[in-house]
Every structure is written in C-alpha cells, then in structure tokens.
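J.: For reference, the file my_file_8.tsv (TSV, C-alpha atoms) is included below:
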chain	number	residue	atom	x	y	z
Q	1	MET	CA	14.02	11.34	8.78
Q	2	LYS	CA	17.74	10.73	9.25
Q	3	VAL	CA	19.63	8.51	6.81
Q	4	ALA	CA	20.43	5.90	9.48
Q	5	ALA	CA	16.75	5.66	10.42
Q	6	HIS	CA	15.72	5.17	6.78
Q	7	LEU	CA	18.30	2.42	6.42
Q	8	ALA	CA	17.10	0.69	9.59
Q	9	LYS	CA	13.47	0.81	8.40
Q	10	ALA	CA	14.42	-0.52	4.95
Q	11	GLU	CA	16.31	-3.38	6.59
Q	12	ARG	CA	13.41	-4.25	8.91
Q	13	ILE	CA	10.93	-4.33	6.03
Q	14	GLY	CA	13.45	-6.24	3.93
Q	15	ALA	CA	13.68	-8.90	6.65
Q	16	SER	CA	9.89	-9.30	6.54
Q	17	LEU	CA	9.95	-9.45	2.73
Q	18	ALA	CA	12.56	-12.20	2.87
Q	19	ARG	CA	9.86	-14.52	4.21
Q	20	CYS	CA	7.52	-13.75	1.28
Q	21	THR	CA	7.55	-15.23	-2.20
Q	22	THR	CA	6.21	-13.86	-5.46
Q	23	ALA	CA	3.02	-15.85	-4.74
Q	24	ASP	CA	2.38	-13.20	-2.03
Q	25	TYR	CA	2.45	-10.54	-4.73
Q	26	GLU	CA	0.24	-7.89	-3.12
Q	27	THR	CA	2.34	-7.87	0.04
Q	28	VAL	CA	5.60	-8.09	-1.92
Q	29	ILE	CA	4.71	-5.07	-4.07
Q	30	GLU	CA	3.64	-3.04	-1.04
Q	31	GLY	CA	6.67	-4.10	1.00
Q	32	CYS	CA	9.00	-3.18	-1.87
Q	33	MET	CA	7.25	0.20	-2.11
Q	34	LEU	CA	7.74	0.82	1.62
Q	35	ALA	CA	11.36	-0.36	1.82
Q	36	GLY	CA	12.08	1.31	-1.53
Q	37	THR	CA	10.68	4.64	-0.36
Q	38	HIS	CA	12.97	4.58	2.68
Q	39	LEU	CA	15.96	3.88	0.41
Q	40	PHE	CA	14.75	6.54	-2.04
Q	41	ASN	CA	14.71	9.13	0.76
Q	42	LEU	CA	18.09	7.94	2.03
Q	43	LEU	CA	19.51	8.49	-1.48
Q	44	LEU	CA	17.88	11.92	-1.84
Q	45	HIS	CA	19.26	13.05	1.53
Q	46	GLU	CA	22.76	11.65	0.86
Q	47	ALA	CA	22.88	13.27	-2.58
Q	48	GLY	CA	21.81	16.62	-1.13
Q	49	LEU	CA	18.60	16.68	-3.17
Q	50	ARG	CA	16.22	16.80	-0.18
Q	51	ARG	CA	16.73	17.76	3.45
Q	52	ASP	CA	16.18	15.03	6.01
Q	53	ASP	CA	13.16	16.87	7.40
Q	54	GLN	CA	11.47	16.77	3.99
Q	55	ASP	CA	10.88	13.12	3.15
Q	56	ALA	CA	9.22	12.32	-0.18
Q	57	MET	CA	6.17	10.07	0.02
Q	58	HIS	CA	5.62	8.99	-3.60
Q	59	SER	CA	8.18	9.48	-6.38
Q	60	GLU	CA	5.47	9.91	-9.02
Q	61	PHE	CA	4.13	13.03	-7.27
Q	62	LEU	CA	7.42	14.91	-7.20
Q	63	GLY	CA	7.55	18.00	-9.43
Q	64	ALA	CA	9.00	17.77	-12.93
Q	65	GLY	CA	12.00	19.91	-12.01
Q	66	GLU	CA	12.92	17.80	-9.00
Q	67	ARG	CA	12.51	14.60	-11.00
Q	68	ARG	CA	14.90	15.91	-13.67
Q	69	LYS	CA	17.50	16.73	-11.01
Q	70	ILE	CA	17.16	13.27	-9.47
Q	71	ALA	CA	17.51	11.63	-12.90
Q	72	ILE	CA	20.85	13.40	-13.39
Q	73	ARG	CA	22.30	12.88	-9.91
Q	74	LEU	CA	20.92	9.38	-9.27
Q	75	PRO	CA	20.46	7.61	-12.61
Q	76	GLY	CA	18.17	4.58	-12.42
Q	77	VAL	CA	16.71	5.46	-9.03
Q	78	LEU	CA	13.52	7.10	-10.29
Q	79	GLU	CA	12.95	4.27	-12.75
Q	80	ALA	CA	13.19	1.68	-9.97
Q	81	MET	CA	10.84	3.60	-7.67
Q	82	ASP	CA	8.37	4.41	-10.47
Q	83	THR	CA	8.29	0.74	-11.49
Q	84	ILE	CA	7.30	-0.36	-7.99
Q	85	GLU	CA	4.70	2.41	-7.68
Q	86	SER	CA	3.21	1.54	-11.08
Q	87	LEU	CA	2.40	-2.01	-9.96
Q	88	ARG	CA	0.16	-1.03	-7.05
Q	89	THR	CA	-2.98	-0.04	-8.96
Q	90	GLY	CA	-3.19	-3.14	-11.13
Q	91	TYR	CA	-2.00	-5.83	-8.74
Q	92	VAL	CA	-2.75	-4.60	-5.19
Q	93	ARG	CA	-5.87	-2.47	-5.57
Q	94	GLY	CA	-6.77	-4.30	-8.77
Q	95	ASP	CA	-6.85	-7.90	-9.91
Q	96	LEU	CA	-4.89	-7.94	-13.15
Q	97	PRO	CA	-3.47	-11.36	-14.02
Q	98	GLY	CA	0.30	-11.80	-13.74
Q	99	GLY	CA	0.76	-10.85	-10.11
Q	100	GLU	CA	3.74	-13.16	-9.57
Q	101	ALA	CA	5.66	-11.64	-12.48
Q	102	ALA	CA	4.80	-8.18	-11.15
Q	103	ALA	CA	6.20	-9.16	-7.73
Q	104	GLY	CA	9.38	-10.28	-9.47
Q	105	ARG	CA	9.70	-6.82	-11.03
Q	106	ALA	CA	9.15	-5.22	-7.62
Q	107	PHE	CA	11.88	-7.36	-6.04
Q	108	ALA	CA	14.28	-6.50	-8.89
Q	109	SER	CA	13.57	-2.77	-8.52
Q	110	LEU	CA	14.14	-2.94	-4.76
Q	111	ALA	CA	17.44	-4.74	-5.41
Q	112	GLU	CA	18.47	-1.85	-7.69
Q	113	LEU	CA	17.64	0.70	-4.98
Q	114	ARG	CA	19.67	-1.32	-2.46
Q	115	ARG	CA	22.59	-1.47	-4.90
Q	116	GLN	CA	22.46	2.30	-5.41
Q	117	ALA	CA	22.29	2.96	-1.66
Q	118	ALA	CA	25.27	0.67	-1.02
Q	119	ALA	CA	27.25	2.29	-3.84
Q	120	LEU	CA	26.58	5.77	-2.47
Q	121	ALA	CA	27.62	4.67	1.02
Q	122	ALA	CA	30.82	3.11	-0.38
Q	123	ARG	CA	31.70	6.41	-2.10
Q	124	GLY	CA	31.38	8.07	1.28
Y	125	MET	CA	-13.76	-3.93	-8.48
Y	126	LYS	CA	-16.51	-6.46	-8.29
Y	127	ILE	CA	-17.47	-7.87	-4.89
Y	128	ASP	CA	-16.05	-11.36	-5.57
Y	129	ALA	CA	-12.72	-9.88	-6.62
Y	130	HIS	CA	-12.53	-7.85	-3.39
Y	131	LEU	CA	-13.34	-10.94	-1.34
Y	132	GLN	CA	-10.57	-12.91	-3.05
Y	133	LYS	CA	-8.11	-10.12	-2.30
Y	134	PHE	CA	-9.31	-9.90	1.31
Y	135	ARG	CA	-8.85	-13.62	1.86
Y	136	ARG	CA	-5.34	-13.62	0.36
Y	137	LEU	CA	-4.31	-10.64	2.50
Y	138	ASP	CA	-6.00	-11.92	5.67
Y	139	ALA	CA	-4.12	-15.22	5.27
Y	140	MET	CA	-0.88	-13.30	4.67
Y	141	LEU	CA	-1.47	-11.27	7.82
Y	142	ALA	CA	-1.65	-14.47	9.87
Y	143	ARG	CA	1.92	-15.25	8.71
Y	144	LEU	CA	3.25	-11.88	9.89
Y	145	ASP	CA	4.29	-11.02	13.43
Y	146	PRO	CA	2.86	-7.65	14.51
Y	147	VAL	CA	6.06	-6.93	16.46
Y	148	ALA	CA	8.88	-8.28	14.26
Y	149	ASP	CA	7.06	-7.46	11.00
Y	150	ARG	CA	5.37	-4.30	12.32
Y	151	GLU	CA	5.54	-2.27	9.12
Y	152	LEU	CA	4.28	-5.00	6.79
Y	153	TRP	CA	1.69	-6.11	9.34
Y	154	ILE	CA	0.17	-2.61	9.53
Y	155	TRP	CA	0.18	-2.21	5.74
Y	156	THR	CA	-1.27	-5.66	5.04
Y	157	ALA	CA	-4.00	-5.20	7.67
Y	158	MET	CA	-4.93	-1.89	6.05
Y	159	ASN	CA	-5.07	-3.34	2.53
Y	160	SER	CA	-7.05	-6.35	3.71
Y	161	GLY	CA	-9.56	-4.11	5.50
Y	162	VAL	CA	-9.92	-1.73	2.57
Y	163	HIS	CA	-10.79	-4.58	0.20
Y	164	LEU	CA	-13.41	-5.91	2.60
Y	165	LEU	CA	-14.73	-2.38	3.17
Y	166	ASN	CA	-15.15	-1.94	-0.57
Y	167	ALA	CA	-17.00	-5.26	-0.82
Y	168	ALA	CA	-19.37	-4.16	1.95
Y	169	LEU	CA	-19.95	-0.69	0.46
Y	170	HIS	CA	-20.77	-2.26	-2.92
Y	171	HIS	CA	-23.01	-4.86	-1.24
Y	172	VAL	CA	-25.23	-2.23	0.40
Y	173	GLY	CA	-25.23	0.02	-2.68
Y	174	THR	CA	-23.30	2.92	-1.13
Y	175	THR	CA	-20.72	2.57	-3.92
Y	176	ASP	CA	-20.85	0.96	-7.33
Y	177	ALA	CA	-19.18	-2.39	-8.06
Y	178	THR	CA	-17.43	-1.49	-11.30
Y	179	ASP	CA	-14.53	-3.22	-13.03
Y	180	SER	CA	-12.11	-0.43	-12.20
Y	181	PHE	CA	-9.28	0.07	-9.72
Y	182	HIS	CA	-8.61	3.08	-7.55
Y	183	THR	CA	-5.28	4.74	-8.38
Y	184	GLN	CA	-2.96	6.63	-6.05
Y	185	VAL	CA	-4.84	9.84	-6.93
Y	186	GLU	CA	-8.09	10.32	-5.00
Y	187	GLY	CA	-11.09	9.88	-7.30
Y	188	LEU	CA	-9.02	8.74	-10.29
Y	189	TYR	CA	-9.69	5.18	-11.47
Y	190	ALA	CA	-7.94	2.80	-13.87
Y	191	VAL	CA	-10.24	0.73	-16.07
Y	192	PRO	CA	-8.77	-2.53	-17.39
Y	193	ASP	CA	-9.22	-3.72	-20.94
Y	194	ARG	CA	-9.33	-7.42	-20.11
Y	195	ASN	CA	-8.65	-8.48	-23.70
Y	196	ARG	CA	-5.64	-6.23	-24.31
Y	197	GLY	CA	-4.30	-6.25	-20.74
Y	198	THR	CA	-4.12	-2.45	-20.64
Y	199	LEU	CA	-5.41	0.23	-18.23
Y	200	ARG	CA	-7.00	3.58	-19.06
Y	201	ASP	CA	-7.59	6.45	-16.63
Y	202	CYS	CA	-11.19	7.34	-15.80
Y	203	LEU	CA	-12.94	9.90	-13.59
Y	204	GLN	CA	-16.10	8.35	-12.18
Y	205	ALA	CA	-18.27	8.21	-9.09
Y	206	PRO	CA	-17.02	5.66	-6.49
Y	207	GLY	CA	-16.31	2.94	-7.24
Y	208	ASP	CA	-13.72	1.68	-4.82
Y	209	VAL	CA	-12.45	3.83	-1.98
Y	210	MET	CA	-8.70	4.19	-1.46
Y	211	HIS	CA	-9.02	4.61	2.30
Y	212	PHE	CA	-11.91	5.07	4.70
Y	213	GLY	CA	-13.28	8.53	3.76
Y	214	GLN	CA	-11.22	8.84	0.57
Y	215	PRO	CA	-12.91	9.72	-1.68
Y	216	PRO	CA	-15.90	11.09	0.26
Y	217	LEU	CA	-19.17	9.28	-0.45
Y	218	ALA	CA	-22.42	10.94	-1.51
Y	219	ARG	CA	-24.69	8.04	-0.54
Y	220	PRO	CA	-25.36	7.14	3.10
Y	221	VAL	CA	-23.09	4.62	4.83
Y	222	PRO	CA	-24.89	2.19	7.19
Y	223	ALA	CA	-23.89	2.52	10.85
Y	224	PRO	CA	-22.23	-0.94	11.12
Y	225	ILE	CA	-19.98	-0.10	8.17
Y	226	LEU	CA	-19.17	3.29	9.70
Y	227	ARG	CA	-18.11	1.53	12.91
Y	228	ALA	CA	-15.95	-0.92	10.95
Y	229	GLY	CA	-14.49	2.01	9.03
Y	230	GLU	CA	-13.54	3.76	12.26
Y	231	ALA	CA	-11.73	0.61	13.38
Y	232	LEU	CA	-9.97	0.53	10.01
Y	233	ARG	CA	-8.97	4.16	10.48
Y	234	GLU	CA	-7.14	3.13	13.67
Y	235	ILE	CA	-4.97	0.86	11.51
Y	236	GLU	CA	-4.54	3.51	8.81
Y	237	ASP	CA	-3.39	6.04	11.41
Y	238	LEU	CA	-0.48	3.75	12.35
Y	239	ARG	CA	1.20	4.32	8.98
Y	240	GLU	CA	2.70	7.73	9.65
Y	241	PRO	CA	4.42	7.07	13.00
Y	242	PHE	CA	5.35	3.41	12.64
Y	243	VAL	CA	5.80	2.72	8.90
Y	244	ARG	CA	6.88	5.96	7.26
Y	245	GLY	CA	8.32	7.27	10.52
Y	246	ASP	CA	10.60	5.62	13.07
Y	247	SER	CA	8.51	5.93	16.22
Y	248	VAL	CA	8.64	2.90	18.48
Y	249	PRO	CA	5.25	1.78	19.80
Y	250	PRO	CA	4.78	1.11	23.51
Y	251	ASN	CA	5.09	-2.50	24.62
Y	252	GLY	CA	1.91	-4.43	23.95
Y	253	ALA	CA	0.43	-1.88	21.56
Y	254	GLU	CA	0.02	-4.56	18.91
Y	255	ALA	CA	-2.78	-6.17	20.93
Y	256	GLY	CA	-4.86	-3.05	20.37
Y	257	TRP	CA	-4.03	-3.06	16.67
Y	258	SER	CA	-5.11	-6.69	16.34
Y	259	ALA	CA	-8.33	-5.92	18.21
Y	260	ALA	CA	-9.09	-3.01	15.86
Y	261	TYR	CA	-8.42	-5.19	12.82
Y	262	ASP	CA	-10.61	-7.99	14.14
Y	263	ALA	CA	-13.43	-5.53	14.97
Y	264	CYS	CA	-13.25	-4.15	11.44
Y	265	ILE	CA	-13.23	-7.56	9.75
Y	266	THR	CA	-15.91	-9.08	11.99
Y	267	GLY	CA	-18.25	-6.13	11.42
Y	268	LEU	CA	-17.80	-6.14	7.67
Y	269	CYS	CA	-18.17	-9.92	7.35
Y	270	LYS	CA	-21.43	-9.69	9.31
Y	271	GLN	CA	-22.66	-6.92	7.02
Y	272	LEU	CA	-21.78	-9.06	4.00
Y	273	GLY	CA	-23.29	-12.21	5.53
Y	274	ILE	CA	-20.10	-14.19	4.98
Y	275	ALA	CA	-17.67	-16.22	7.07
Y	276	ARG	CA	-14.19	-14.78	7.52
Y	277	GLN	CA	-12.67	-17.84	5.89
Y	278	ALA	CA	-13.98	-19.30	2.66
Y	279	ALA	CA	-15.84	-22.58	3.08
Once you've parsed the file, please lay out its structure as structure tokens.

T.:
Amino acid sequence: MKVAAHLAKAERIGASLARCTTADYETVIEGCMLAGTHLFNLLLHEAGLRRDDQDAMHSEFLGAGERRKIAIRLPGVLEAMDTIESLRTGYVRGDLPGGEAAAGRAFASLAELRRQAAALAARG
Amino acid sequence: MKIDAHLQKFRRLDAMLARLDPVADRELWIWTAMNSGVHLLNAALHHVGTTDATDSFHTQVEGLYAVPDRNRGTLRDCLQAPGDVMHFGQPPLARPVPAPILRAGEALREIEDLREPFVRGDSVPPNGAEAGWSAAYDACITGLCKQLGIARQAA
C-alpha cells in the first residue's frame, strides 16, 4: 500500500485509540498493533527496504536477513513493533495479570513508531 | 483458556465494541468484534467438548500454544491438541463441531474476512455496509450464547 494510505490508516486507528484508556488493554494492544503495522510498513517503504506492493504483516515473521537490515537502517523500529506483538498472546488471547501496564507499553511503542515516521518525513 | 476466562474476555470486548462506532472506528470495530467472537467461540467449543479447556493461550503461530506459569509469571511454548482456536478453522479440529456452532463460526468468518480489505488495506466499504457487519456479529454472539446457555450480559 502507498505511504500516504498507511499514514491515513494509522491516523484513523490512532483517533479511535485516543478514546481508549489502559483499562481497555486488549483493544489498546490490538489497536497499537494495527496502527503500528501501518507505520512499520510506511517506514519500510520510505527507507527503501520493502516495495509498496509488498506490505509486511507481522514483524516477528520477517526473515533474519531482512530483520538485520531493518535494525541497521531503522534503529528502534523493530524493537517497538516486536514489543507490541509480544503482548498479544498473554494479554489479548490470554489472561495474564498486568494488562494495564502492558497497554502502557503498547502505547509507548506506538509513540516511538510515530516519532520515527515523523523524523523520516522531516528528513524528506 | 478455561471457559470462565473466555467469558470474561468476551464480556470486556463486547462492552468495548458498544463504545466504538462501526463507521468512524471501522478498523478497531472490526478487530474488536473478531476478538470478542473468537473468545466466545472458544468458550462454546470447550463447553461441548470439541476442544479442550486448558490453561494455555494460542500464539500467532497456528497450533503453537503458550502455557503460563502462574507463580513465576512466565510463558513457555507448547505443541498440543486444541486448545483454543486462533480463528474459525485455525487450527483445524479433529472432533465434530455441532451445527449451531458451525453457523456461528460462519458468521464470525464474515467479520474475519473484513480484515484484509478494510483494516490492513484501504478499501472503502459501501454506504451502510456496517449494518450487515453488526448483523453478522449479533448472529454469531446470539448463537454461541444460546449454545452456552448464558445471557449476553452478565447478571
């Protein structure tokens, strides 16, 4: 998908997330995963690491070689995406205690992805 | 997970869904409806014995489960028979699925099929499409609650 479309989707989902609190932790984690994945793809396309007709679905399933390239070109991006993805099993599909803290981590990781996307846009 | 844990998750997500607008919050509405339905589907499948109610969570990898150590707060990977399903039909089930649950699962699949065009993709649904989505969600939830012998909202 085109960069502008990813940004528009991330902003739409972000607007929905803005009406959630960490008490809504399942929805927050999933919303951060969805908005984060759009920003992740935007960053990959802008950095020339993936074509815009080859969107990634889950960062954890990318090959080792591609992950190493992303880690060099976009430091911190994989960590943010992996953090969000890692919360889904325990707090959305599962019932581990500490869901509100997990949602806080998801929000913080999404903020990092937004920061990186804005920084890349500012560099032109 | 255990049936009670799925029901708690369902009720949290069903209440969340009521706060979302299927037009303005389209992406999160679709995703929350799917997650809500999957938890209730798992409760129903455990209830009728099609799948086992184990203290394990389905991971992002089909057929791979995470088992919590409740004392240490850790998870360990485990390959086991279902268990929870990730989506309707994933993983496939060896034991028979009663017809009412199959019908509810087909309604859930209608919601799941919305992910690719309208959440991951940027397709714009036709005006009024959300009424059909809500009807599919309600058909799924009503059928599963009936199978479980429970009210949609906790007493």

J.: Would you list which chain Y residues are within 9 Å of chain Q using all atoms listed in the file, as a PyMOL selection string?

T.: chain Y and resi 125+129-130+133+136-137+140+144+148-152+155-156+159+163+179-184+189-190+192+194+197+199+208+210+243-246

J.: Keeping C-alpha atoms for every residue in the selection just given, could you write it to a file as a PDB file, in the coordinates of the input?

T.:
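What ended up in part18.pdb:
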ATOM      1  CA  MET Y 125     -13.760  -3.930  -8.480  1.00  0.00           C
ATOM      2  CA  ALA Y 129     -12.720  -9.880  -6.620  1.00  0.00           C
ATOM      3  CA  HIS Y 130     -12.530  -7.850  -3.390  1.00  0.00           C
ATOM      4  CA  LYS Y 133      -8.110 -10.120  -2.300  1.00  0.00           C
ATOM      5  CA  ARG Y 136      -5.340 -13.620   0.360  1.00  0.00           C
ATOM      6  CA  LEU Y 137      -4.310 -10.640   2.500  1.00  0.00           C
ATOM      7  CA  MET Y 140      -0.880 -13.300   4.670  1.00  0.00           C
ATOM      8  CA  LEU Y 144       3.250 -11.880   9.890  1.00  0.00           C
ATOM      9  CA  ALA Y 148       8.880  -8.280  14.260  1.00  0.00           C
ATOM     10  CA  ASP Y 149       7.060  -7.460  11.000  1.00  0.00           C
ATOM     11  CA  ARG Y 150       5.370  -4.300  12.320  1.00  0.00           C
ATOM     12  CA  GLU Y 151       5.540  -2.270   9.120  1.00  0.00           C
ATOM     13  CA  LEU Y 152       4.280  -5.000   6.790  1.00  0.00           C
ATOM     14  CA  TRP Y 155       0.180  -2.210   5.740  1.00  0.00           C
ATOM     15  CA  THR Y 156      -1.270  -5.660   5.040  1.00  0.00           C
ATOM     16  CA  ASN Y 159      -5.070  -3.340   2.530  1.00  0.00           C
ATOM     17  CA  HIS Y 163     -10.790  -4.580   0.200  1.00  0.00           C
ATOM     18  CA  ASP Y 179     -14.530  -3.220 -13.030  1.00  0.00           C
ATOM     19  CA  SER Y 180     -12.110  -0.430 -12.200  1.00  0.00           C
ATOM     20  CA  PHE Y 181      -9.280   0.070  -9.720  1.00  0.00           C
ATOM     21  CA  HIS Y 182      -8.610   3.080  -7.550  1.00  0.00           C
ATOM     22  CA  THR Y 183      -5.280   4.740  -8.380  1.00  0.00           C
ATOM     23  CA  GLN Y 184      -2.960   6.630  -6.050  1.00  0.00           C
ATOM     24  CA  TYR Y 189      -9.690   5.180 -11.470  1.00  0.00           C
ATOM     25  CA  ALA Y 190      -7.940   2.800 -13.870  1.00  0.00           C
ATOM     26  CA  PRO Y 192      -8.770  -2.530 -17.390  1.00  0.00           C
ATOM     27  CA  ARG Y 194      -9.330  -7.420 -20.110  1.00  0.00           C
ATOM     28  CA  GLY Y 197      -4.300  -6.250 -20.740  1.00  0.00           C
ATOM     29  CA  LEU Y 199      -5.410   0.230 -18.230  1.00  0.00           C
ATOM     30  CA  ASP Y 208     -13.720   1.680  -4.820  1.00  0.00           C
ATOM     31  CA  MET Y 210      -8.700   4.190  -1.460  1.00  0.00           C
ATOM     32  CA  VAL Y 243       5.800   2.720   8.900  1.00  0.00           C
ATOM     33  CA  ARG Y 244       6.880   5.960   7.260  1.00  0.00           C
ATOM     34  CA  GLY Y 245       8.320   7.270  10.520  1.00  0.00           C
ATOM     35  CA  ASP Y 246      10.600   5.620  13.070  1.00  0.00           C
TER      36      ASP Y 246
END

J.: Between Y:Gly267, Y:Pro250, Y:Pro206, Y:Gly187, which has the minimum distance to Ile225 (chain Y) (counting only C-alpha atoms)?

T.: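 Nearest candidate to Ile225 (chain Y) out of Y:Gly267, Y:Pro250, Y:Pro206, Y:Gly187: Y:Gly267.
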
J.: Report, in Å with one decimal, the straight-line distance from CA of Thr178 (chain Y) to CA of Gln271 (chain Y).

T.: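 Distance between the two atoms: 19.8 Å.
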
J.: One decimal, Å: what's the distance from CA of Val77 (chain Q) over to CA of Asp53 (chain Q), could you say?

T.: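 These atoms are spaced 20.3 Å apart.
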
J.: Which is closer to Asp128 (chain Y) than all the others in Y:Ala218, Y:Ala259, Y:Leu164, Y:Ala275, using only C-alpha atoms?

T.: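 Distance minimum relative to Asp128 (chain Y) lands on Y:Leu164.
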
J.: Set the distance at 12 Å and use only C-alpha atoms: which residues neighbour Leu113 (chain Q) once local chain neighbours fewer than 4 positions away are removed? I'd like the list as a ChimeraX atom specification.

T.: /Q:7,10,32-44,74-84,106-109,117-120

J.: How many Å separate CA of Pro224 (chain Y) from CA of Lys270 (chain Y)?

T.: 9.0 Å

J.: So that I can see what lies close to Leu49 (chain Q), please list as a PyMOL selection string the residues with an atom at most 9 Å from it, counting all atoms listed in the file and leaving out residues fewer than 3 positions away in the same chain.

T.: chain Q and resi 43-46+66+69-70+73

J.: Mind checking which residues fall within 8 Å of Arg227 (chain Y), counting all atoms listed in the file, ignoring those fewer than 4 positions away in the same chain, and posting them as a list of chain:residue names?

T.: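 My reading of the contact set: Y:Ala223, Y:Ala231, Y:Cys264, Y:Gly267.
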